[in-house]
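For reference, run.txt is printed below; it contains compact mmCIF, C-alpha atoms.
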```txt
# COMPACT_ATOMS: atom_id res chain seq x y z
CA MET M 1 -40.86 -49.45 118.98
CA ILE M 2 -42.67 -46.89 116.82
CA VAL M 3 -46.40 -47.11 116.06
CA ASP M 4 -48.01 -45.87 112.85
CA SER M 5 -51.38 -44.83 114.25
CA HIS M 6 -53.03 -44.37 110.86
CA CYS M 7 -52.40 -45.88 107.44
CA HIS M 8 -54.18 -47.59 104.57
CA LEU M 9 -52.21 -50.78 103.96
CA ASN M 10 -55.02 -52.19 101.83
CA ILE M 11 -54.58 -49.57 99.08
CA LEU M 12 -50.78 -49.28 98.95
CA PRO M 13 -49.71 -49.65 95.30
CA GLU M 14 -47.73 -52.88 95.08
CA GLU M 15 -45.88 -51.74 91.97
CA LYS M 16 -44.35 -48.89 93.97
CA VAL M 17 -43.80 -50.29 97.46
CA GLY M 18 -44.02 -54.07 97.09
CA THR M 19 -46.36 -56.47 98.82
CA VAL M 20 -47.88 -55.86 102.23
CA SER M 21 -45.30 -58.28 103.63
CA ASP M 22 -42.54 -56.21 102.02
CA VAL M 23 -44.00 -53.02 103.51
CA ILE M 24 -44.22 -54.52 107.01
CA GLU M 25 -40.66 -55.80 106.81
CA LYS M 26 -39.44 -52.37 105.68
CA ALA M 27 -41.34 -50.80 108.57
CA LYS M 28 -39.63 -53.10 111.05
CA GLU M 29 -36.23 -52.16 109.63
CA LEU M 30 -37.09 -48.54 110.42
CA GLY M 31 -38.33 -49.36 113.93
CA VAL M 32 -42.07 -49.35 113.19
CA GLU M 33 -43.52 -52.51 114.72
CA ARG M 34 -47.22 -51.75 115.19
CA ILE M 35 -49.60 -50.46 112.50
CA LEU M 36 -53.23 -49.36 112.59
CA CYS M 37 -54.87 -49.94 109.21
CA VAL M 38 -57.95 -47.81 108.66
CA ALA M 39 -60.94 -48.56 106.41
CA ILE M 40 -62.95 -45.68 105.00
CA ASN M 41 -66.00 -47.49 103.58
CA PRO M 42 -67.85 -50.80 104.02
CA ASP M 43 -66.20 -52.29 100.92
CA GLN M 44 -62.86 -52.08 102.74
CA TRP M 45 -63.91 -53.53 106.08
CA SER M 46 -63.24 -57.15 105.16
CA GLU M 47 -59.92 -56.19 103.54
CA VAL M 48 -58.50 -54.53 106.61
CA LEU M 49 -59.81 -57.28 108.88
CA ALA M 50 -58.08 -59.87 106.71
CA LEU M 51 -54.79 -57.97 107.02
CA ALA M 52 -55.19 -57.67 110.78
CA GLU M 53 -55.85 -61.39 111.05
CA GLN M 54 -52.86 -62.25 108.85
CA TYR M 55 -50.27 -60.01 110.52
CA ASP M 56 -49.73 -59.76 114.27
CA GLU M 57 -48.33 -56.23 113.83
CA VAL M 58 -51.50 -54.92 112.18
CA TYR M 59 -54.66 -53.70 113.90
CA ALA M 60 -57.81 -52.45 112.19
CA ALA M 61 -60.28 -49.57 112.35
CA ILE M 62 -63.58 -49.53 110.49
CA GLY M 63 -65.97 -46.74 109.65
CA VAL M 64 -67.51 -44.65 106.88
CA HIS M 65 -65.46 -41.61 105.90
CA PRO M 66 -67.36 -38.31 105.66
CA CYS M 67 -66.35 -37.97 102.01
CA GLU M 68 -68.24 -41.11 101.11
CA GLU M 69 -71.47 -40.08 99.37
CA LYS M 70 -74.60 -39.80 101.49
CA GLU M 71 -76.07 -42.85 99.74
CA VAL M 72 -73.47 -44.96 101.59
CA VAL M 73 -75.50 -45.98 104.64
CA VAL M 74 -74.76 -48.79 107.08
CA SER M 75 -76.93 -50.12 109.85
CA ASP M 76 -76.00 -50.17 113.50
CA GLU M 77 -76.06 -53.96 113.29
CA GLU M 78 -73.48 -54.00 110.48
CA LEU M 79 -71.19 -51.64 112.35
CA VAL M 80 -71.43 -53.65 115.55
CA LYS M 81 -70.83 -56.94 113.72
CA PHE M 82 -67.57 -55.81 112.10
CA ALA M 83 -66.36 -53.54 114.89
CA SER M 84 -66.73 -56.29 117.50
CA HIS M 85 -63.83 -58.20 115.96
CA PRO M 86 -61.03 -58.35 118.57
CA LYS M 87 -58.46 -56.81 116.22
CA VAL M 88 -60.69 -53.84 115.45
CA ILE M 89 -59.49 -51.40 118.06
CA ALA M 90 -61.07 -48.18 116.77
CA ILE M 91 -64.08 -46.75 114.97
CA GLY M 92 -62.98 -44.62 112.06
CA GLU M 93 -62.07 -42.87 110.00
CA VAL M 94 -65.16 -40.78 110.70
CA GLY M 95 -66.04 -37.14 111.18
CA LEU M 96 -67.03 -34.21 109.02
CA ASP M 97 -65.67 -32.80 105.76
CA TYR M 98 -67.15 -29.67 104.22
CA PHE M 99 -64.24 -29.09 101.83
CA HIS M 100 -65.43 -31.65 99.29
CA PHE M 101 -69.08 -30.55 99.41
CA ASP M 102 -70.90 -27.28 98.87
CA ALA M 103 -71.77 -26.83 102.52
CA GLU M 104 -73.67 -23.59 101.92
CA ALA M 105 -75.91 -24.94 99.19
CA GLU M 106 -76.45 -28.42 100.60
CA SER M 107 -77.27 -29.37 104.15
CA MET M 108 -74.57 -31.38 105.89
CA GLU M 109 -77.08 -33.01 108.20
CA TRP M 110 -76.49 -36.40 106.59
CA GLN M 111 -72.81 -36.15 107.54
CA HIS M 112 -73.79 -35.16 111.06
CA GLU M 113 -76.09 -38.15 111.45
CA ARG M 114 -73.50 -40.57 110.08
CA PHE M 115 -70.97 -39.13 112.51
CA ARG M 116 -73.34 -39.38 115.47
CA GLN M 117 -74.12 -42.99 114.56
CA HIS M 118 -70.44 -43.91 114.67
CA ILE M 119 -69.97 -42.16 118.02
CA ARG M 120 -72.92 -44.09 119.48
CA ILE M 121 -71.48 -47.41 118.29
CA ALA M 122 -68.01 -46.50 119.55
CA LYS M 123 -69.47 -45.81 122.99
CA LEU M 124 -71.51 -49.02 122.89
CA LEU M 125 -68.40 -51.09 122.16
CA GLY M 126 -65.99 -49.02 124.24
CA LYS M 127 -63.66 -48.37 121.29
CA PRO M 128 -61.99 -45.00 120.60
CA LEU M 129 -62.73 -42.87 117.54
CA ILE M 130 -60.45 -41.80 114.71
CA ILE M 131 -61.53 -38.35 113.60
CA HIS M 132 -61.26 -36.74 110.16
CA THR M 133 -62.22 -33.07 109.97
CA ARG M 134 -61.74 -30.57 107.16
CA ASN M 135 -63.29 -27.10 107.02
CA SER M 136 -65.67 -28.38 109.69
CA THR M 137 -63.76 -28.43 112.96
CA PRO M 138 -66.14 -26.34 115.15
CA ASP M 139 -69.10 -28.54 114.20
CA CYS M 140 -67.00 -31.68 114.56
CA LEU M 141 -65.90 -30.84 118.09
CA SER M 142 -69.39 -29.73 119.08
CA ILE M 143 -70.88 -33.06 117.98
CA LEU M 144 -68.18 -34.97 119.86
CA GLU M 145 -69.03 -32.99 122.98
CA GLU M 146 -72.80 -33.33 122.53
CA GLU M 147 -72.56 -37.09 122.02
CA GLY M 148 -70.35 -37.64 125.06
CA ALA M 149 -67.33 -38.84 123.11
CA ASP M 150 -65.16 -38.04 126.13
CA GLU M 151 -66.29 -41.46 127.46
CA ILE M 152 -64.09 -43.18 124.89
CA GLY M 153 -61.71 -40.54 123.49
CA GLY M 154 -59.75 -41.13 120.33
CA ILE M 155 -57.43 -39.56 117.80
CA MET M 156 -57.53 -36.29 115.92
CA HIS M 157 -56.06 -37.81 112.78
CA CYS M 158 -53.57 -35.94 110.58
CA PHE M 159 -53.85 -32.83 112.75
CA VAL M 160 -53.35 -29.48 110.96
CA GLU M 161 -55.40 -27.14 113.17
CA ASP M 162 -54.35 -24.48 115.69
CA MET M 163 -53.41 -24.91 119.34
CA GLY M 164 -56.83 -23.80 120.55
CA THR M 165 -58.42 -26.65 118.63
CA ALA M 166 -55.84 -29.09 120.01
CA GLU M 167 -56.60 -27.98 123.56
CA ARG M 168 -60.35 -28.36 123.09
CA ALA M 169 -59.86 -31.85 121.63
CA MET M 170 -57.55 -32.90 124.44
CA GLN M 171 -60.09 -31.72 127.01
CA ILE M 172 -62.50 -34.39 125.75
CA GLY M 173 -59.90 -37.14 125.79
CA PHE M 174 -58.48 -37.01 122.28
CA TYR M 175 -54.86 -37.43 121.27
CA ILE M 176 -53.25 -35.24 118.62
CA SER M 177 -51.73 -37.22 115.76
CA PHE M 178 -49.10 -35.65 113.53
CA SER M 179 -48.44 -36.91 110.02
CA GLY M 180 -45.69 -36.21 107.51
CA ILE M 181 -47.13 -32.73 107.05
CA VAL M 182 -45.28 -31.62 110.18
CA THR M 183 -41.98 -32.26 108.35
CA PHE M 184 -42.86 -29.92 105.48
CA LYS M 185 -40.82 -26.72 105.38
CA ASN M 186 -43.89 -24.54 104.91
CA ALA M 187 -45.82 -26.08 107.85
CA VAL M 188 -44.63 -23.30 110.15
CA GLU M 189 -47.79 -22.96 112.25
CA LEU M 190 -48.18 -26.71 112.63
CA LYS M 191 -44.61 -27.04 113.85
CA GLU M 192 -45.41 -24.49 116.56
CA VAL M 193 -48.43 -26.53 117.61
CA ALA M 194 -46.29 -29.67 117.78
CA LYS M 195 -43.92 -27.85 120.13
CA GLN M 196 -46.80 -26.99 122.47
CA VAL M 197 -48.85 -30.20 122.59
CA PRO M 198 -47.75 -32.19 125.65
CA LEU M 199 -45.70 -35.24 124.77
CA ASP M 200 -48.11 -37.51 126.60
CA ARG M 201 -50.90 -36.49 124.19
CA ILE M 202 -49.04 -36.95 120.89
CA LEU M 203 -49.37 -39.76 118.37
CA VAL M 204 -47.60 -40.17 115.02
CA GLU M 205 -48.83 -41.53 111.71
CA THR M 206 -48.24 -41.73 107.98
CA ASP M 207 -51.73 -41.76 106.43
CA SER M 208 -49.91 -43.81 103.79
CA PRO M 209 -49.98 -44.00 100.83
CA TYR M 210 -50.53 -40.23 101.17
CA LEU M 211 -48.49 -37.36 102.65
CA ALA M 212 -45.01 -38.86 102.63
CA PRO M 213 -42.70 -36.94 104.99
CA VAL M 214 -39.43 -35.28 104.13
CA PRO M 215 -37.12 -36.78 102.79
CA TYR M 216 -39.69 -38.68 100.72
CA ARG M 217 -42.17 -35.88 100.09
CA GLY M 218 -43.98 -36.46 96.82
CA LYS M 219 -43.30 -40.19 96.86
CA THR M 220 -45.62 -43.01 97.89
CA ASN M 221 -45.82 -43.08 101.66
CA GLN M 222 -45.57 -46.26 103.75
CA PRO M 223 -45.74 -47.10 107.48
CA GLY M 224 -41.97 -47.23 107.95
CA TYR M 225 -41.77 -43.54 107.24
CA THR M 226 -43.44 -42.82 110.59
CA ARG M 227 -39.84 -42.75 111.80
CA TYR M 228 -39.27 -39.40 110.10
CA VAL M 229 -42.33 -37.91 111.81
CA VAL M 230 -40.89 -38.99 115.17
CA GLU M 231 -37.54 -37.45 114.24
CA GLU M 232 -39.24 -34.13 113.43
CA ILE M 233 -41.23 -34.08 116.68
CA ALA M 234 -38.03 -34.83 118.61
CA LYS M 235 -36.23 -31.99 116.84
CA LEU M 236 -39.05 -29.52 117.42
CA LYS M 237 -39.32 -30.40 121.11
CA GLU M 238 -35.54 -30.67 121.54
CA LEU M 239 -35.92 -34.15 123.00
CA PRO M 240 -34.05 -37.40 122.35
CA PHE M 241 -35.51 -39.52 119.57
CA GLU M 242 -35.88 -42.46 121.96
CA GLU M 243 -37.94 -40.40 124.41
CA VAL M 244 -40.43 -39.42 121.71
CA THR M 245 -40.55 -43.01 120.44
CA GLN M 246 -41.30 -44.38 123.90
CA ALA M 247 -43.87 -41.71 124.70
CA THR M 248 -45.87 -41.95 121.46
CA THR M 249 -45.91 -45.74 121.67
CA ALA M 250 -47.04 -45.62 125.31
CA ASN M 251 -49.76 -43.13 124.33
CA PHE M 252 -51.06 -45.46 121.61
CA ASN M 253 -51.04 -48.47 123.92
CA ARG M 254 -52.78 -46.52 126.68
CA LEU M 255 -55.53 -45.26 124.39
CA PHE M 256 -56.25 -48.69 122.94
CA LYS M 257 -55.53 -50.66 126.13
CA LEU M 258 -52.79 -52.72 124.51
CA ASP M 259 -49.78 -54.33 126.18
```

Rewrite the coordinates I just gave you, this time as C-alpha cells.
Amino acid sequence: MIVDSHCHLNILPEEKVGTVSDVIEKAKELGVERILCVAINPDQWSEVLALAEQYDEVYAAIGVHPCEEKEVVVSDEELVKFASHPKVIAIGEVGLDYFHFDAEAESMEWQHERFRQHIRIAKLLGKPLIIHTRNSTPDCLSILEEEGADEIGGIMHCFVEDMGTAERAMQIGFYISFSGIVTFKNAVELKEVAKQVPLDRILVETDSPYLAPVPYRGKTNQPGYTRYVVEEIAKLKELPFEEVTQATTANFNRLFKLD
C-alpha cells in the first residue's frame, strides 16, 4: 500500500480527472490506498471532512494556509471544534510564506501569530502538523522549536530545501515529504537530499492537483501518481520499490498512530 500524504481532493477539476470516486479508484489501481486531504482555509474545512466521512481511504487535515490574507482569522474554539473530528488526523497546511508577500515592507507578525495558534491547538489535541514554508524556512523552524512542536511532530510538506534544513526538521520530530518535484530532471539538489534522508523519515505525496510527477509533468496531478514519487525515491536510493512502499506507509501510520 502507498499513502499520498498530501493532496487536495476537494479542488480536483472533475472535467480533467473525473469524480472523486473515479480518482480514488484510479489511485487504488496504482497501489495508493490511503489519502490525506488537506484544507487550506475555513471555507474548505467542511468539504474535506465530508470527503473523509464518505470514503474510508480518505483522512483530513484542517488549517489556515499562510498565503490566506491576514483578514482570515479563526478562533481557537473553531479550530478545536473542526480538528477534534476523528478523521482529522493533522493540523495544516500551516506555516510561513514570504514569497507571496513583501516581507521587507510589511511585517509578517500576523503570519507568525497564525502559525503559533495552530501549533498550540495541535499540541492541545495531540495531532501532528503539516508545514508549508517558502522563503521563510529559518523563521518557520525557529517558531516550531520555540513553541515546542517536537511534542507532536509532523510533516515538512513538499520539501525542496537543503539537507541541513532536513536534519534540523528531523531533530524536532518532523518527517520529510517528497512530491513530484523530486522526479523533475532539473531537481538535482533535491535528488541528492532524497538520497541522504533516512528511509524511516521519508513520506511521499502529490500535492494534487499541482506538481504532477514525470511522466505526467504539466498535467493535472492526482493521488494515484504518488506511485511515481515512490519509484523515483527507490531509484535514487537503489532500493526495491516494495521496500520504499512499505517504509513510507509505515512512517505515515506511525506518525498518525494508524493501524

Enter the distance from CA of Gly31 (chain M) to CA of Ile2 (chain M), in Å, rounded to one decimal.
->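 Taking CA of Gly31 (chain M) and CA of Ile2 (chain M), their separation equals 5.8 Å.
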
Who sits within 12 Å of Asp162 (chain M), all atoms listed in the file, same chain under 4 positions skipped, as number ranges by chain | M: 137-138, 166-169, 176, 187-197

With C-alpha atoms retained, could you export that selection as an mmCIF file, in the coordinates of the input?
```
data_model
loop_
_atom_site.group_PDB
_atom_site.id
_atom_site.type_symbol
_atom_site.label_atom_id
_atom_site.label_comp_id
_atom_site.auth_asym_id
_atom_site.auth_seq_id
_atom_site.Cartn_x
_atom_site.Cartn_y
_atom_site.Cartn_z
ATOM 1 C CA THR M 137 -63.760 -28.430 112.960
ATOM 2 C CA PRO M 138 -66.140 -26.340 115.150
ATOM 3 C CA ALA M 166 -55.840 -29.090 120.010
ATOM 4 C CA GLU M 167 -56.600 -27.980 123.560
ATOM 5 C CA ARG M 168 -60.350 -28.360 123.090
ATOM 6 C CA ALA M 169 -59.860 -31.850 121.630
ATOM 7 C CA ILE M 176 -53.250 -35.240 118.620
ATOM 8 C CA ALA M 187 -45.820 -26.080 107.850
ATOM 9 C CA VAL M 188 -44.630 -23.300 110.150
ATOM 10 C CA GLU M 189 -47.790 -22.960 112.250
ATOM 11 C CA LEU M 190 -48.180 -26.710 112.630
ATOM 12 C CA LYS M 191 -44.610 -27.040 113.850
ATOM 13 C CA GLU M 192 -45.410 -24.490 116.560
ATOM 14 C CA VAL M 193 -48.430 -26.530 117.610
ATOM 15 C CA ALA M 194 -46.290 -29.670 117.780
ATOM 16 C CA LYS M 195 -43.920 -27.850 120.130
ATOM 17 C CA GLN M 196 -46.800 -26.990 122.470
ATOM 18 C CA VAL M 197 -48.850 -30.200 122.590
#
```

Interatomic distance, CA of Asp97 (chain M) to CA of Cys140 (chain M) (Å, one decimal) = 9.0 Å

Interatomic distance (Å, one decimal) between CA of Val94 (chain M) and CA of Ile152 (chain M) =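 Separation of CA of Val94 (chain M) and CA of Ile152 (chain M): 14.4 Å.
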
Could you give me, as a list of chain:residue names, the residues within 7 Å of region 110-120 of chain M, counting only C-alpha atoms and dropping anything in the same chain fewer than 2 positions from it?
-> M:Pro66, M:Lys70, M:Ile91, M:Val94, M:Gly95, M:Leu96, M:Met108, M:Ala122, M:Lys123, M:Leu124, M:Glu147, M:Ala149

Of the listed residues M:Tyr55, M:Phe101, M:Trp45, M:Phe252, that which approaches Val74 (chain M) most closely, counting all atoms listed in the file =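 Residue with the minimum atom-to-atom distance to Val74 (chain M): M:Trp45.
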
Counting all atoms listed in the file, what is within 6 Å of Gly180 (chain M), bar same-chain residues fewer than 6 positions away, as a ChimeraX atom specification?
-> /M:211-213,229

Write a file of the just-selected residues containing C-alpha atoms, as a short mmCIF file (atom, residue, chain, number, x, y, z; two decimals), keeping the file's coordinate frame.
```
data_model
loop_
_atom_site.label_atom_id
_atom_site.label_comp_id
_atom_site.auth_asym_id
_atom_site.auth_seq_id
_atom_site.Cartn_x
_atom_site.Cartn_y
_atom_site.Cartn_z
CA LEU M 211 -48.49 -37.36 102.65
CA ALA M 212 -45.01 -38.86 102.63
CA PRO M 213 -42.70 -36.94 104.99
CA VAL M 229 -42.33 -37.91 111.81
#
```

The centre and edge lengths of an axis-aligned box containing all atoms of region 52-70 of chain M present in the file, extended by 3 Å on each side, are to be given in Å to one decimal, as AutoDock Vina command-line options.
```
--center_x -61.5 --center_y -50.1 --center_z 106.8 --size_x 32.3 --size_y 30.3 --size_z 20.9
```

Dump as CSV the rows for residues of region 70-188 of chain M within 12 Å of region 4-17 of chain M: closest atom pair and distance in Å with one decimal, all atoms listed in the file counted, ordered by chain and rising residue number.
```
residue,atom,partner,partner_atom,distance
M:Ile89,CA,M:Ser5,CA,11.1
M:Ala90,CA,M:Ser5,CA,10.6
M:Gly92,CA,M:His6,CA,10.0
M:Glu93,CA,M:His6,CA,9.2
M:Leu129,CA,M:His6,CA,11.9
M:Ile130,CA,M:His6,CA,8.7
M:Ile131,CA,M:His6,CA,10.8
M:His132,CA,M:His6,CA,11.2
M:Gly154,CA,M:Ser5,CA,11.0
M:Ile155,CA,M:Ser5,CA,8.8
M:Met156,CA,M:His6,CA,10.5
M:His157,CA,M:His6,CA,7.5
M:Cys158,CA,M:His6,CA,8.5
M:Phe159,CA,M:His6,CA,11.7
M:Tyr175,CA,M:Ser5,CA,10.8
M:Ile176,CA,M:Ser5,CA,10.7
M:Ser177,CA,M:Ser5,CA,7.8
M:Phe178,CA,M:Ser5,CA,9.5
M:Ser179,CA,M:His6,CA,8.8
M:Gly180,CA,M:Asp4,CA,11.3
```

Writing out the chosen residues with C-alpha atoms as a CSV table (one decimal), keeping the file's coordinate frame:
```
chain,number,residue,atom,x,y,z
M,89,ILE,CA,-59.5,-51.4,118.1
M,90,ALA,CA,-61.1,-48.2,116.8
M,92,GLY,CA,-63.0,-44.6,112.1
M,93,GLU,CA,-62.1,-42.9,110.0
M,129,LEU,CA,-62.7,-42.9,117.5
M,130,ILE,CA,-60.4,-41.8,114.7
M,131,ILE,CA,-61.5,-38.4,113.6
M,132,HIS,CA,-61.3,-36.7,110.2
M,154,GLY,CA,-59.8,-41.1,120.3
M,155,ILE,CA,-57.4,-39.6,117.8
M,156,MET,CA,-57.5,-36.3,115.9
M,157,HIS,CA,-56.1,-37.8,112.8
M,158,CYS,CA,-53.6,-35.9,110.6
M,159,PHE,CA,-53.8,-32.8,112.8
M,175,TYR,CA,-54.9,-37.4,121.3
M,176,ILE,CA,-53.2,-35.2,118.6
M,177,SER,CA,-51.7,-37.2,115.8
M,178,PHE,CA,-49.1,-35.6,113.5
M,179,SER,CA,-48.4,-36.9,110.0
M,180,GLY,CA,-45.7,-36.2,107.5
```

Some atoms are absent from region 37-48 of chain M, so rebuild all heavy atoms and return them as a PDB file, in the frame of the given file.
```pdb
ATOM      1  N   CYS M  37     -54.364 -50.050 110.571  1.00  0.00           N
ATOM      2  CA  CYS M  37     -54.870 -49.940 109.210  1.00  0.00           C
ATOM      3  C   CYS M  37     -56.330 -49.530 109.244  1.00  0.00           C
ATOM      4  O   CYS M  37     -57.152 -50.189 109.892  1.00  0.00           O
ATOM      5  CB  CYS M  37     -54.692 -51.285 108.491  1.00  0.00           C
ATOM      6  SG  CYS M  37     -55.227 -51.281 106.768  1.00  0.00           S
ATOM      7  N   VAL M  38     -56.651 -48.459 108.532  1.00  0.00           N
ATOM      8  CA  VAL M  38     -57.950 -47.810 108.660  1.00  0.00           C
ATOM      9  C   VAL M  38     -58.775 -47.968 107.386  1.00  0.00           C
ATOM     10  O   VAL M  38     -58.315 -47.641 106.288  1.00  0.00           O
ATOM     11  CB  VAL M  38     -57.760 -46.316 108.983  1.00  0.00           C
ATOM     12  CG1 VAL M  38     -59.107 -45.622 109.138  1.00  0.00           C
ATOM     13  CG2 VAL M  38     -56.920 -46.151 110.258  1.00  0.00           C
ATOM     14  N   ALA M  39     -60.008 -48.442 107.531  1.00  0.00           N
ATOM     15  CA  ALA M  39     -60.940 -48.560 106.410  1.00  0.00           C
ATOM     16  C   ALA M  39     -61.839 -47.334 106.358  1.00  0.00           C
ATOM     17  O   ALA M  39     -62.249 -46.816 107.396  1.00  0.00           O
ATOM     18  CB  ALA M  39     -61.800 -49.816 106.578  1.00  0.00           C
ATOM     19  N   ILE M  40     -62.160 -46.894 105.144  1.00  0.00           N
ATOM     20  CA  ILE M  40     -62.950 -45.680 105.000  1.00  0.00           C
ATOM     21  C   ILE M  40     -64.350 -45.929 104.445  1.00  0.00           C
ATOM     22  O   ILE M  40     -65.154 -45.000 104.357  1.00  0.00           O
ATOM     23  CB  ILE M  40     -62.231 -44.621 104.140  1.00  0.00           C
ATOM     24  CG1 ILE M  40     -62.047 -45.131 102.709  1.00  0.00           C
ATOM     25  CG2 ILE M  40     -60.900 -44.225 104.773  1.00  0.00           C
ATOM     26  CD1 ILE M  40     -61.572 -44.043 101.747  1.00  0.00           C
ATOM     27  N   ASN M  41     -64.647 -47.169 104.054  1.00  0.00           N
ATOM     28  CA  ASN M  41     -66.000 -47.490 103.580  1.00  0.00           C
ATOM     29  C   ASN M  41     -66.261 -48.977 103.788  1.00  0.00           C
ATOM     30  O   ASN M  41     -65.329 -49.758 103.999  1.00  0.00           O
ATOM     31  CB  ASN M  41     -66.195 -47.075 102.125  1.00  0.00           C
ATOM     32  CG  ASN M  41     -65.245 -47.786 101.180  1.00  0.00           C
ATOM     33  OD1 ASN M  41     -65.141 -49.006 101.192  1.00  0.00           O
ATOM     34  ND2 ASN M  41     -64.529 -47.027 100.371  1.00  0.00           N
ATOM     35  N   PRO M  42     -67.523 -49.394 103.733  1.00  0.00           N
ATOM     36  CA  PRO M  42     -67.850 -50.800 104.020  1.00  0.00           C
ATOM     37  C   PRO M  42     -67.167 -51.797 103.097  1.00  0.00           C
ATOM     38  O   PRO M  42     -66.910 -52.932 103.503  1.00  0.00           O
ATOM     39  CB  PRO M  42     -69.379 -50.842 103.842  1.00  0.00           C
ATOM     40  CG  PRO M  42     -69.822 -49.436 104.098  1.00  0.00           C
ATOM     41  CD  PRO M  42     -68.734 -48.562 103.560  1.00  0.00           C
ATOM     42  N   ASP M  43     -66.870 -51.391 101.847  1.00  0.00           N
ATOM     43  CA  ASP M  43     -66.200 -52.290 100.920  1.00  0.00           C
ATOM     44  C   ASP M  43     -64.804 -52.667 101.398  1.00  0.00           C
ATOM     45  O   ASP M  43     -64.263 -53.693 100.977  1.00  0.00           O
ATOM     46  CB  ASP M  43     -66.108 -51.657  99.535  1.00  0.00           C
ATOM     47  CG  ASP M  43     -67.466 -51.511  98.865  1.00  0.00           C
ATOM     48  OD1 ASP M  43     -68.404 -52.237  99.259  1.00  0.00           O
ATOM     49  OD2 ASP M  43     -67.595 -50.674  97.948  1.00  0.00           O
ATOM     50  N   GLN M  44     -64.215 -51.837 102.256  1.00  0.00           N
ATOM     51  CA  GLN M  44     -62.860 -52.080 102.740  1.00  0.00           C
ATOM     52  C   GLN M  44     -62.814 -52.821 104.072  1.00  0.00           C
ATOM     53  O   GLN M  44     -61.735 -53.257 104.493  1.00  0.00           O
ATOM     54  CB  GLN M  44     -62.093 -50.756 102.882  1.00  0.00           C
ATOM     55  CG  GLN M  44     -61.850 -50.018 101.587  1.00  0.00           C
ATOM     56  CD  GLN M  44     -61.029 -48.758 101.791  1.00  0.00           C
ATOM     57  OE1 GLN M  44     -60.674 -48.385 102.914  1.00  0.00           O
ATOM     58  NE2 GLN M  44     -60.715 -48.073 100.703  1.00  0.00           N
ATOM     59  N   TRP M  45     -63.928 -52.960 104.729  1.00  0.00           N
ATOM     60  CA  TRP M  45     -63.910 -53.530 106.080  1.00  0.00           C
ATOM     61  C   TRP M  45     -63.325 -54.942 106.095  1.00  0.00           C
ATOM     62  O   TRP M  45     -62.463 -55.252 106.924  1.00  0.00           O
ATOM     63  CB  TRP M  45     -65.322 -53.557 106.669  1.00  0.00           C
ATOM     64  CG  TRP M  45     -65.893 -52.193 106.953  1.00  0.00           C
ATOM     65  CD1 TRP M  45     -65.279 -50.980 106.772  1.00  0.00           C
ATOM     66  CD2 TRP M  45     -67.201 -51.908 107.447  1.00  0.00           C
ATOM     67  NE1 TRP M  45     -66.116 -49.950 107.127  1.00  0.00           N
ATOM     68  CE2 TRP M  45     -67.309 -50.491 107.546  1.00  0.00           C
ATOM     69  CE3 TRP M  45     -68.290 -52.692 107.808  1.00  0.00           C
ATOM     70  CZ2 TRP M  45     -68.462 -49.867 108.000  1.00  0.00           C
ATOM     71  CZ3 TRP M  45     -69.448 -52.067 108.260  1.00  0.00           C
ATOM     72  CH2 TRP M  45     -69.528 -50.663 108.358  1.00  0.00           C
ATOM     73  N   SER M  46     -63.753 -55.775 105.192  1.00  0.00           N
ATOM     74  CA  SER M  46     -63.240 -57.150 105.160  1.00  0.00           C
ATOM     75  C   SER M  46     -61.759 -57.179 104.791  1.00  0.00           C
ATOM     76  O   SER M  46     -61.007 -58.024 105.298  1.00  0.00           O
ATOM     77  CB  SER M  46     -64.041 -57.989 104.160  1.00  0.00           C
ATOM     78  OG  SER M  46     -65.376 -58.149 104.591  1.00  0.00           O
ATOM     79  N   GLU M  47     -61.334 -56.255 103.942  1.00  0.00           N
ATOM     80  CA  GLU M  47     -59.920 -56.190 103.540  1.00  0.00           C
ATOM     81  C   GLU M  47     -59.019 -55.902 104.732  1.00  0.00           C
ATOM     82  O   GLU M  47     -58.003 -56.581 104.934  1.00  0.00           O
ATOM     83  CB  GLU M  47     -59.718 -55.106 102.480  1.00  0.00           C
ATOM     84  CG  GLU M  47     -60.405 -55.348 101.162  1.00  0.00           C
ATOM     85  CD  GLU M  47     -60.263 -54.175 100.212  1.00  0.00           C
ATOM     86  OE1 GLU M  47     -59.563 -53.196 100.556  1.00  0.00           O
ATOM     87  OE2 GLU M  47     -60.849 -54.229  99.121  1.00  0.00           O
ATOM     88  N   VAL M  48     -59.374 -54.891 105.499  1.00  0.00           N
ATOM     89  CA  VAL M  48     -58.500 -54.530 106.610  1.00  0.00           C
ATOM     90  C   VAL M  48     -58.556 -55.588 107.720  1.00  0.00           C
ATOM     91  O   VAL M  48     -57.550 -55.842 108.397  1.00  0.00           O
ATOM     92  CB  VAL M  48     -58.793 -53.117 107.164  1.00  0.00           C
ATOM     93  CG1 VAL M  48     -58.614 -52.060 106.078  1.00  0.00           C
ATOM     94  CG2 VAL M  48     -60.178 -53.023 107.766  1.00  0.00           C
TER      95      VAL M  48
END
```
